[in-house]
file target11.pdb (PDB, N, CA and C atoms and all ligand atoms)
ATOM      1  N   MET A1057     102.200 132.657 108.207  1.00  0.00           N
ATOM      2  CA  MET A1057     103.429 133.412 108.503  1.00  0.00           C
ATOM      3  C   MET A1057     104.640 132.638 108.004  1.00  0.00           C
ATOM      4  N   PRO A1058     105.541 133.329 107.415  1.00  0.00           N
ATOM      5  CA  PRO A1058     106.692 132.639 106.839  1.00  0.00           C
ATOM      6  C   PRO A1058     107.692 132.194 107.902  1.00  0.00           C
ATOM      7  N   ILE A1059     108.173 131.012 107.716  1.00  0.00           N
ATOM      8  CA  ILE A1059     109.256 130.532 108.572  1.00  0.00           C
ATOM      9  C   ILE A1059     110.517 130.493 107.732  1.00  0.00           C
ATOM     10  N   TYR A1060     111.515 131.173 108.200  1.00  0.00           N
ATOM     11  CA  TYR A1060     112.763 131.218 107.459  1.00  0.00           C
ATOM     12  C   TYR A1060     113.849 130.452 108.201  1.00  0.00           C
ATOM     13  N   GLU A1061     114.741 129.921 107.413  1.00  0.00           N
ATOM     14  CA  GLU A1061     115.863 129.195 107.982  1.00  0.00           C
ATOM     15  C   GLU A1061     117.094 130.086 107.914  1.00  0.00           C
ATOM     16  N   TYR A1062     117.767 130.170 109.030  1.00  0.00           N
ATOM     17  CA  TYR A1062     118.933 131.035 109.097  1.00  0.00           C
ATOM     18  C   TYR A1062     120.152 130.241 109.536  1.00  0.00           C
ATOM     19  N   LYS A1063     121.283 130.780 109.193  1.00  0.00           N
ATOM     20  CA  LYS A1063     122.522 130.216 109.694  1.00  0.00           C
ATOM     21  C   LYS A1063     123.377 131.341 110.247  1.00  0.00           C
ATOM     22  N   CYS A1064     123.874 131.133 111.438  1.00  0.00           N
ATOM     23  CA  CYS A1064     124.686 132.145 112.082  1.00  0.00           C
ATOM     24  C   CYS A1064     126.090 132.110 111.499  1.00  0.00           C
ATOM     25  N   ALA A1065     126.582 133.278 111.138  1.00  0.00           N
ATOM     26  CA  ALA A1065     127.920 133.357 110.556  1.00  0.00           C
ATOM     27  C   ALA A1065     128.998 133.250 111.625  1.00  0.00           C
ATOM     28  N   LYS A1066     128.589 133.395 112.847  1.00  0.00           N
ATOM     29  CA  LYS A1066     129.568 133.408 113.934  1.00  0.00           C
ATOM     30  C   LYS A1066     129.820 132.015 114.491  1.00  0.00           C
ATOM     31  N   CYS A1067     128.730 131.300 114.771  1.00  0.00           N
ATOM     32  CA  CYS A1067     128.894 130.000 115.418  1.00  0.00           C
ATOM     33  C   CYS A1067     128.335 128.852 114.574  1.00  0.00           C
ATOM     34  N   ASP A1068     127.911 129.167 113.351  1.00  0.00           N
ATOM     35  CA  ASP A1068     127.400 128.156 112.426  1.00  0.00           C
ATOM     36  C   ASP A1068     126.143 127.466 112.900  1.00  0.00           C
ATOM     37  N   GLU A1069     125.478 128.062 113.845  1.00  0.00           N
ATOM     38  CA  GLU A1069     124.205 127.514 114.305  1.00  0.00           C
ATOM     39  C   GLU A1069     123.153 127.717 113.224  1.00  0.00           C
ATOM     40  N   GLU A1070     122.416 126.652 112.948  1.00  0.00           N
ATOM     41  CA  GLU A1070     121.309 126.791 112.009  1.00  0.00           C
ATOM     42  C   GLU A1070     120.003 126.741 112.789  1.00  0.00           C
ATOM     43  N   PHE A1071     119.110 127.618 112.445  1.00  0.00           N
ATOM     44  CA  PHE A1071     117.851 127.676 113.175  1.00  0.00           C
ATOM     45  C   PHE A1071     116.765 128.223 112.271  1.00  0.00           C
ATOM     46  N   GLU A1072     115.544 127.939 112.692  1.00  0.00           N
ATOM     47  CA  GLU A1072     114.405 128.467 111.960  1.00  0.00           C
ATOM     48  C   GLU A1072     113.680 129.457 112.854  1.00  0.00           C
ATOM     49  N   THR A1073     113.127 130.444 112.238  1.00  0.00           N
ATOM     50  CA  THR A1073     112.403 131.425 113.027  1.00  0.00           C
ATOM     51  C   THR A1073     111.264 132.009 112.223  1.00  0.00           C
ATOM     52  N   LEU A1074     110.237 132.371 112.934  1.00  0.00           N
ATOM     53  CA  LEU A1074     109.134 133.073 112.290  1.00  0.00           C
ATOM     54  C   LEU A1074     109.536 134.522 112.051  1.00  0.00           C
ATOM     55  N   VAL A1075     109.262 134.978 110.865  1.00  0.00           N
ATOM     56  CA  VAL A1075     109.579 136.366 110.554  1.00  0.00           C
ATOM     57  C   VAL A1075     108.291 137.094 110.234  1.00  0.00           C
ATOM     58  N   PHE A1076     107.988 138.066 111.023  1.00  0.00           N
ATOM     59  CA  PHE A1076     106.729 138.780 110.862  1.00  0.00           C
ATOM     60  C   PHE A1076     106.863 139.945 109.897  1.00  0.00           C
ATOM     61  N   ARG A1077     108.029 140.513 109.865  1.00  0.00           N
ATOM     62  CA  ARG A1077     108.256 141.601 108.923  1.00  0.00           C
ATOM     63  C   ARG A1077     109.496 141.270 108.087  1.00  0.00           C
ATOM     64  N   SER A1078     109.529 141.855 106.920  1.00  0.00           N
ATOM     65  CA  SER A1078     110.648 141.562 106.026  1.00  0.00           C
ATOM     66  C   SER A1078     111.946 142.153 106.554  1.00  0.00           C
ATOM     67  N   ASP A1079     111.811 143.164 107.399  1.00  0.00           N
ATOM     68  CA  ASP A1079     113.024 143.783 107.929  1.00  0.00           C
ATOM     69  C   ASP A1079     113.275 143.375 109.379  1.00  0.00           C
ATOM     70  N   GLU A1080     112.678 142.233 109.726  1.00  0.00           N
ATOM     71  CA  GLU A1080     112.848 141.725 111.081  1.00  0.00           C
ATOM     72  C   GLU A1080     114.324 141.487 111.383  1.00  0.00           C
ATOM     73  N   ASN A1081     114.727 141.935 112.547  1.00  0.00           N
ATOM     74  CA  ASN A1081     116.084 141.653 112.974  1.00  0.00           C
ATOM     75  C   ASN A1081     116.133 140.284 113.629  1.00  0.00           C
ATOM     76  N   VAL A1082     116.893 139.410 113.070  1.00  0.00           N
ATOM     77  CA  VAL A1082     116.976 138.050 113.561  1.00  0.00           C
ATOM     78  C   VAL A1082     118.315 137.846 114.247  1.00  0.00           C
ATOM     79  N   ALA A1083     118.242 137.328 115.446  1.00  0.00           N
ATOM     80  CA  ALA A1083     119.465 137.057 116.189  1.00  0.00           C
ATOM     81  C   ALA A1083     119.613 135.564 116.418  1.00  0.00           C
ATOM     82  N   CYS A1084     120.829 135.125 116.437  1.00  0.00           N
ATOM     83  CA  CYS A1084     121.118 133.720 116.671  1.00  0.00           C
ATOM     84  C   CYS A1084     120.713 133.322 118.086  1.00  0.00           C
ATOM     85  N   PRO A1085     119.941 132.253 118.231  1.00  0.00           N
ATOM     86  CA  PRO A1085     119.515 131.830 119.569  1.00  0.00           C
ATOM     87  C   PRO A1085     120.655 131.217 120.373  1.00  0.00           C
ATOM     88  N   HIS A1086     121.720 130.911 119.694  1.00  0.00           N
ATOM     89  CA  HIS A1086     122.838 130.245 120.359  1.00  0.00           C
ATOM     90  C   HIS A1086     123.810 131.259 120.959  1.00  0.00           C
ATOM     91  N   CYS A1087     124.245 132.199 120.130  1.00  0.00           N
ATOM     92  CA  CYS A1087     125.237 133.164 120.614  1.00  0.00           C
ATOM     93  C   CYS A1087     124.674 134.578 120.686  1.00  0.00           C
ATOM     94  N   LYS A1088     123.401 134.711 120.323  1.00  0.00           N
ATOM     95  CA  LYS A1088     122.717 136.005 120.347  1.00  0.00           C
ATOM     96  C   LYS A1088     123.289 136.989 119.340  1.00  0.00           C
ATOM     97  N   GLY A1089     124.087 136.476 118.447  1.00  0.00           N
ATOM     98  CA  GLY A1089     124.682 137.348 117.447  1.00  0.00           C
ATOM     99  C   GLY A1089     123.686 137.695 116.360  1.00  0.00           C
ATOM    100  N   GLY A1090     123.848 138.840 115.797  1.00  0.00           N
ATOM    101  CA  GLY A1090     122.925 139.283 114.756  1.00  0.00           C
ATOM    102  C   GLY A1090     123.456 139.037 113.360  1.00  0.00           C
ATOM    103  N   ASN A1091     124.617 138.449 113.263  1.00  0.00           N
ATOM    104  CA  ASN A1091     125.214 138.203 111.956  1.00  0.00           C
ATOM    105  C   ASN A1091     124.762 136.856 111.418  1.00  0.00           C
ATOM    106  N   VAL A1092     123.516 136.825 110.976  1.00  0.00           N
ATOM    107  CA  VAL A1092     122.943 135.588 110.463  1.00  0.00           C
ATOM    108  C   VAL A1092     122.544 135.784 109.013  1.00  0.00           C
ATOM    109  N   ARG A1093     122.520 134.702 108.295  1.00  0.00           N
ATOM    110  CA  ARG A1093     122.040 134.823 106.933  1.00  0.00           C
ATOM    111  C   ARG A1093     120.899 133.855 106.670  1.00  0.00           C
ATOM    112  N   ARG A1094     119.995 134.348 105.886  1.00  0.00           N
ATOM    113  CA  ARG A1094     118.803 133.567 105.587  1.00  0.00           C
ATOM    114  C   ARG A1094     119.143 132.507 104.560  1.00  0.00           C
ATOM    115  N   LEU A1095     118.716 131.317 104.812  1.00  0.00           N
ATOM    116  CA  LEU A1095     118.999 130.240 103.869  1.00  0.00           C
ATOM    117  C   LEU A1095     117.845 130.095 102.891  1.00  0.00           C
ATOM    118  N   MET A1096     116.855 129.425 103.254  1.00  0.00           N
ATOM    119  CA  MET A1096     115.677 129.118 102.453  1.00  0.00           C
ATOM    120  C   MET A1096     115.727 129.566 100.995  1.00  0.00           C
ATOM    121  N   SER A1097     114.752 130.338 100.565  1.00  0.00           N
ATOM    122  CA  SER A1097     114.624 130.626  99.147  1.00  0.00           C
ATOM    123  C   SER A1097     115.501 131.798  98.715  1.00  0.00           C
ATOM    124  N   ALA A1098     116.122 132.432  99.656  1.00  0.00           N
ATOM    125  CA  ALA A1098     116.906 133.604  99.310  1.00  0.00           C
ATOM    126  C   ALA A1098     118.186 133.216  98.587  1.00  0.00           C
ATOM    127  N   CYS A1099     119.156 132.799  99.337  1.00  0.00           N
ATOM    128  CA  CYS A1099     120.424 132.418  98.738  1.00  0.00           C
ATOM    129  C   CYS A1099     120.561 130.906  98.807  1.00  0.00           C
ATOM    130  N   SER A1100     120.830 130.306  97.719  1.00  0.00           N
ATOM    131  CA  SER A1100     120.879 128.852  97.699  1.00  0.00           C
ATOM    132  C   SER A1100     122.217 128.339  98.201  1.00  0.00           C
ATOM    133  N   TYR A1101     122.151 127.586  99.251  1.00  0.00           N
ATOM    134  CA  TYR A1101     123.343 126.991  99.824  1.00  0.00           C
ATOM    135  C   TYR A1101     123.343 125.482  99.611  1.00  0.00           C
ATOM    136  N   LYS A1102     122.160 124.913  99.856  1.00  0.00           N
ATOM    137  CA  LYS A1102     122.074 123.464  99.903  1.00  0.00           C
ATOM    138  C   LYS A1102     122.331 122.842  98.540  1.00  0.00           C
ATOM    139  N   SER A1103     123.240 121.936  98.492  1.00  0.00           N
ATOM    140  CA  SER A1103     123.484 121.227  97.253  1.00  0.00           C
ATOM    141  C   SER A1103     122.321 120.288  96.982  1.00  0.00           C
ATOM    142  N   GLY A1104     122.018 120.097  95.747  1.00  0.00           N
ATOM    143  CA  GLY A1104     120.901 119.231  95.403  1.00  0.00           C
ATOM    144  C   GLY A1104     119.606 119.991  95.246  1.00  0.00           C
ATOM    145  N   GLU A1105     119.595 121.207  95.724  1.00  0.00           N
ATOM    146  CA  GLU A1105     118.418 122.033  95.544  1.00  0.00           C
ATOM    147  C   GLU A1105     118.831 123.295  94.806  1.00  0.00           C
ATOM    148  N   SER A1106     118.182 123.532  93.733  1.00  0.00           N
ATOM    149  CA  SER A1106     118.504 124.738  92.986  1.00  0.00           C
ATOM    150  C   SER A1106     117.336 125.703  93.037  1.00  0.00           C
ATOM    151  N   TYR A1107     117.611 126.842  93.551  1.00  0.00           N
ATOM    152  CA  TYR A1107     116.577 127.860  93.604  1.00  0.00           C
ATOM    153  C   TYR A1107     116.779 128.834  92.444  1.00  0.00           C
ATOM    154  N   VAL A1108     115.733 129.057  91.740  1.00  0.00           N
ATOM    155  CA  VAL A1108     115.813 130.011  90.640  1.00  0.00           C
ATOM    156  C   VAL A1108     115.413 131.386  91.159  1.00  0.00           C
ATOM    157  N   PRO A1109     116.327 132.312  91.081  1.00  0.00           N
ATOM    158  CA  PRO A1109     116.000 133.645  91.591  1.00  0.00           C
ATOM    159  C   PRO A1109     114.938 134.319  90.737  1.00  0.00           C
ATOM    160  N   SER A1110     114.066 135.010  91.400  1.00  0.00           N
ATOM    161  CA  SER A1110     113.049 135.747  90.660  1.00  0.00           C
ATOM    162  C   SER A1110     113.695 136.906  89.924  1.00  0.00           C
ATOM    163  N   SER A1111     113.189 137.176  88.775  1.00  0.00           N
ATOM    164  CA  SER A1111     113.808 138.197  87.948  1.00  0.00           C
ATOM    165  C   SER A1111     113.304 139.582  88.322  1.00  0.00           C
ATOM    166  N   GLY A1112     113.570 139.945  89.544  1.00  0.00           N
ATOM    167  CA  GLY A1112     113.181 141.277  89.975  1.00  0.00           C
ATOM    168  C   GLY A1112     114.149 142.308  89.410  1.00  0.00           C
ATOM    169  N   SER A1113     113.657 143.492  89.237  1.00  0.00           N
ATOM    170  CA  SER A1113     114.493 144.519  88.631  1.00  0.00           C
ATOM    171  C   SER A1113     115.326 145.262  89.665  1.00  0.00           C
ATOM    172  N   SER A1114     114.990 145.042  90.936  1.00  0.00           N
ATOM    173  CA  SER A1114     115.735 145.746  91.970  1.00  0.00           C
ATOM    174  C   SER A1114     116.291 144.745  92.968  1.00  0.00           C
ATOM    175  N   GLY A1115     117.242 145.184  93.734  1.00  0.00           N
ATOM    176  CA  GLY A1115     117.784 144.344  94.780  1.00  0.00           C
ATOM    177  C   GLY A1115     118.831 143.381  94.256  1.00  0.00           C
ATOM    178  N   CYS A1116     119.050 142.367  95.052  1.00  0.00           N
ATOM    179  CA  CYS A1116     120.088 141.397  94.763  1.00  0.00           C
ATOM    180  C   CYS A1116     119.747 140.594  93.503  1.00  0.00           C
ATOM    181  N   SER A1117     120.739 140.345  92.680  1.00  0.00           N
ATOM    182  CA  SER A1117     120.495 139.627  91.445  1.00  0.00           C
ATOM    183  C   SER A1117     120.521 138.125  91.638  1.00  0.00           C
ATOM    184  N   THR A1118     121.027 137.682  92.776  1.00  0.00           N
ATOM    185  CA  THR A1118     121.156 136.244  92.973  1.00  0.00           C
ATOM    186  C   THR A1118     120.225 135.710  94.038  1.00  0.00           C
ATOM    187  N   CYS A1119     119.471 136.556  94.670  1.00  0.00           N
ATOM    188  CA  CYS A1119     118.483 136.069  95.611  1.00  0.00           C
ATOM    189  C   CYS A1119     117.295 137.012  95.615  1.00  0.00           C
ATOM    190  N   SER A1120     116.264 136.610  96.274  1.00  0.00           N
ATOM    191  CA  SER A1120     115.023 137.365  96.208  1.00  0.00           C
ATOM    192  C   SER A1120     114.989 138.507  97.213  1.00  0.00           C
ATOM    193  N   SER A1121     116.016 138.593  98.038  1.00  0.00           N
ATOM    194  CA  SER A1121     116.025 139.656  99.023  1.00  0.00           C
ATOM    195  C   SER A1121     116.371 140.987  98.369  1.00  0.00           C
ATOM    196  N   SER A1122     115.778 142.010  98.847  1.00  0.00           N
ATOM    197  CA  SER A1122     116.086 143.338  98.336  1.00  0.00           C
ATOM    198  C   SER A1122     117.190 143.998  99.141  1.00  0.00           C
ATOM    199  N   ASN A1123     117.596 143.296 100.165  1.00  0.00           N
ATOM    200  CA  ASN A1123     118.634 143.865 101.021  1.00  0.00           C
ATOM    201  C   ASN A1123     119.632 142.784 101.396  1.00  0.00           C
ATOM    202  N   CYS A1124     120.126 142.104 100.388  1.00  0.00           N
ATOM    203  CA  CYS A1124     121.024 140.984 100.652  1.00  0.00           C
ATOM    204  C   CYS A1124     122.465 141.445 100.591  1.00  0.00           C
ATOM    205  N   SER A1125     123.159 141.351 101.688  1.00  0.00           N
ATOM    206  CA  SER A1125     124.554 141.778 101.715  1.00  0.00           C
ATOM    207  C   SER A1125     125.487 140.634 102.032  1.00  0.00           C
ATOM    208  N   THR A1126     124.928 139.422 102.059  1.00  0.00           N
ATOM    209  CA  THR A1126     125.751 138.313 102.511  1.00  0.00           C
ATOM    210  C   THR A1126     125.971 137.247 101.455  1.00  0.00           C
ATOM    211  N   CYS A1127     125.311 137.369 100.319  1.00  0.00           N
ATOM    212  CA  CYS A1127     125.380 136.276  99.365  1.00  0.00           C
ATOM    213  C   CYS A1127     126.372 136.549  98.236  1.00  0.00           C
ATOM    214  N   HIS A1128     127.096 137.625  98.320  1.00  0.00           N
ATOM    215  CA  HIS A1128     128.053 137.930  97.263  1.00  0.00           C
ATOM    216  C   HIS A1128     129.468 137.650  97.727  1.00  0.00           C
TER
HETATM  217 ZN    ZN B1201     125.429 132.141 116.623  1.00  0.00          ZN
END
call {"tool": "encode", "arguments": {"input": "target11.pdb", "output": "structure tokens"}}
result
Amino acid sequence: MPIYEYKCAKCDEEFETLVFRSDENVACPHCKGGNVRRLMSACSYKSGESYVPSSGSSGCSTCSSSNCSTCH
């Protein structure tokens, strides 16, 4: 099962969570807010690590998510 790393846009809490479905709703464990963004392989935040986006024909051009609304 994939473990994804998220960061809350509200309180800057970073956390990891198991995601069972791709459309899983993830809430921040700190403030319970749902405005979180996936870090890991989706959108590259961490300096020193460069993620090469897969050349998918659909979805976000800069990350592998097909429903990315936070990385632009
Ligand atoms: Zn939060």
call {"tool": "residues_around", "arguments": {"input": "target11.pdb", "residues": "range 1070-1081 of chain A", "least_positions_apart": "5", "cutoff": "8 Å", "atoms": "only C-alpha atoms", "output": "list in words"}}
result
Met1057, Pro1058, Ile1059, Tyr1060, Glu1061, Tyr1062, Lys1063, Cys1064 and Gly1090 of chain A
call {"tool": "closest_atom_pairs", "arguments": {"input": "target11.pdb", "of": "chain A", "to": "ligand ZN 1201 (chain B)", "cutoff": "6 Å", "atoms": "only N, CA and C atoms and all ligand atoms", "output": "CSV"}}
result
residue,atom,partner,partner_atom,distance
A:Cys1064,CA,B:ZN1201,ZN,4.6
A:Ala1065,N,B:ZN1201,ZN,5.7
A:Lys1066,C,B:ZN1201,ZN,4.9
A:Cys1067,N,B:ZN1201,ZN,3.9
A:Asp1068,N,B:ZN1201,ZN,5.1
A:Glu1069,N,B:ZN1201,ZN,4.9
A:Cys1084,CA,B:ZN1201,ZN,4.6
A:Pro1085,N,B:ZN1201,ZN,5.7
A:His1086,C,B:ZN1201,ZN,4.7
A:Cys1087,N,B:ZN1201,ZN,3.7
A:Lys1088,N,B:ZN1201,ZN,4.9
A:Gly1089,N,B:ZN1201,ZN,4.9
call {"tool": "write_last_selection", "arguments": {"input": "target11.pdb", "atoms": "N, CA and C atoms", "output": "PDB file, keeping the file's coordinate frame"}}
result
ATOM      1  N   CYS A1064     123.874 131.133 111.438  1.00  0.00           N
ATOM      2  CA  CYS A1064     124.686 132.145 112.082  1.00  0.00           C
ATOM      3  C   CYS A1064     126.090 132.110 111.499  1.00  0.00           C
ATOM      4  N   ALA A1065     126.582 133.278 111.138  1.00  0.00           N
ATOM      5  CA  ALA A1065     127.920 133.357 110.556  1.00  0.00           C
ATOM      6  C   ALA A1065     128.998 133.250 111.625  1.00  0.00           C
ATOM      7  N   LYS A1066     128.589 133.395 112.847  1.00  0.00           N
ATOM      8  CA  LYS A1066     129.568 133.408 113.934  1.00  0.00           C
ATOM      9  C   LYS A1066     129.820 132.015 114.491  1.00  0.00           C
ATOM     10  N   CYS A1067     128.730 131.300 114.771  1.00  0.00           N
ATOM     11  CA  CYS A1067     128.894 130.000 115.418  1.00  0.00           C
ATOM     12  C   CYS A1067     128.335 128.852 114.574  1.00  0.00           C
ATOM     13  N   ASP A1068     127.911 129.167 113.351  1.00  0.00           N
ATOM     14  CA  ASP A1068     127.400 128.156 112.426  1.00  0.00           C
ATOM     15  C   ASP A1068     126.143 127.466 112.900  1.00  0.00           C
ATOM     16  N   GLU A1069     125.478 128.062 113.845  1.00  0.00           N
ATOM     17  CA  GLU A1069     124.205 127.514 114.305  1.00  0.00           C
ATOM     18  C   GLU A1069     123.153 127.717 113.224  1.00  0.00           C
ATOM     19  N   CYS A1084     120.829 135.125 116.437  1.00  0.00           N
ATOM     20  CA  CYS A1084     121.118 133.720 116.671  1.00  0.00           C
ATOM     21  C   CYS A1084     120.713 133.322 118.086  1.00  0.00           C
ATOM     22  N   PRO A1085     119.941 132.253 118.231  1.00  0.00           N
ATOM     23  CA  PRO A1085     119.515 131.830 119.569  1.00  0.00           C
ATOM     24  C   PRO A1085     120.655 131.217 120.373  1.00  0.00           C
ATOM     25  N   HIS A1086     121.720 130.911 119.694  1.00  0.00           N
ATOM     26  CA  HIS A1086     122.838 130.245 120.359  1.00  0.00           C
ATOM     27  C   HIS A1086     123.810 131.259 120.959  1.00  0.00           C
ATOM     28  N   CYS A1087     124.245 132.199 120.130  1.00  0.00           N
ATOM     29  CA  CYS A1087     125.237 133.164 120.614  1.00  0.00           C
ATOM     30  C   CYS A1087     124.674 134.578 120.686  1.00  0.00           C
ATOM     31  N   LYS A1088     123.401 134.711 120.323  1.00  0.00           N
ATOM     32  CA  LYS A1088     122.717 136.005 120.347  1.00  0.00           C
ATOM     33  C   LYS A1088     123.289 136.989 119.340  1.00  0.00           C
ATOM     34  N   GLY A1089     124.087 136.476 118.447  1.00  0.00           N
ATOM     35  CA  GLY A1089     124.682 137.348 117.447  1.00  0.00           C
ATOM     36  C   GLY A1089     123.686 137.695 116.360  1.00  0.00           C
TER      37      GLY A1089
END
call {"tool": "atom_distance", "arguments": {"input": "target11.pdb", "atom1": "atom C of Val1082 in chain A", "atom2": "atom N of Arg1094 in chain A"}}
result
9.2 Å
call {"tool": "axis_aligned_box", "arguments": {"input": "target11.pdb", "around": "range 1062-1075 of chain A", "padding_each_side": "6 Å", "output": "JSON"}}
result
{"center_x": 119.1, "center_y": 131.9, "center_z": 112.2, "size_x": 33.5, "size_y": 22.4, "size_z": 18.4}
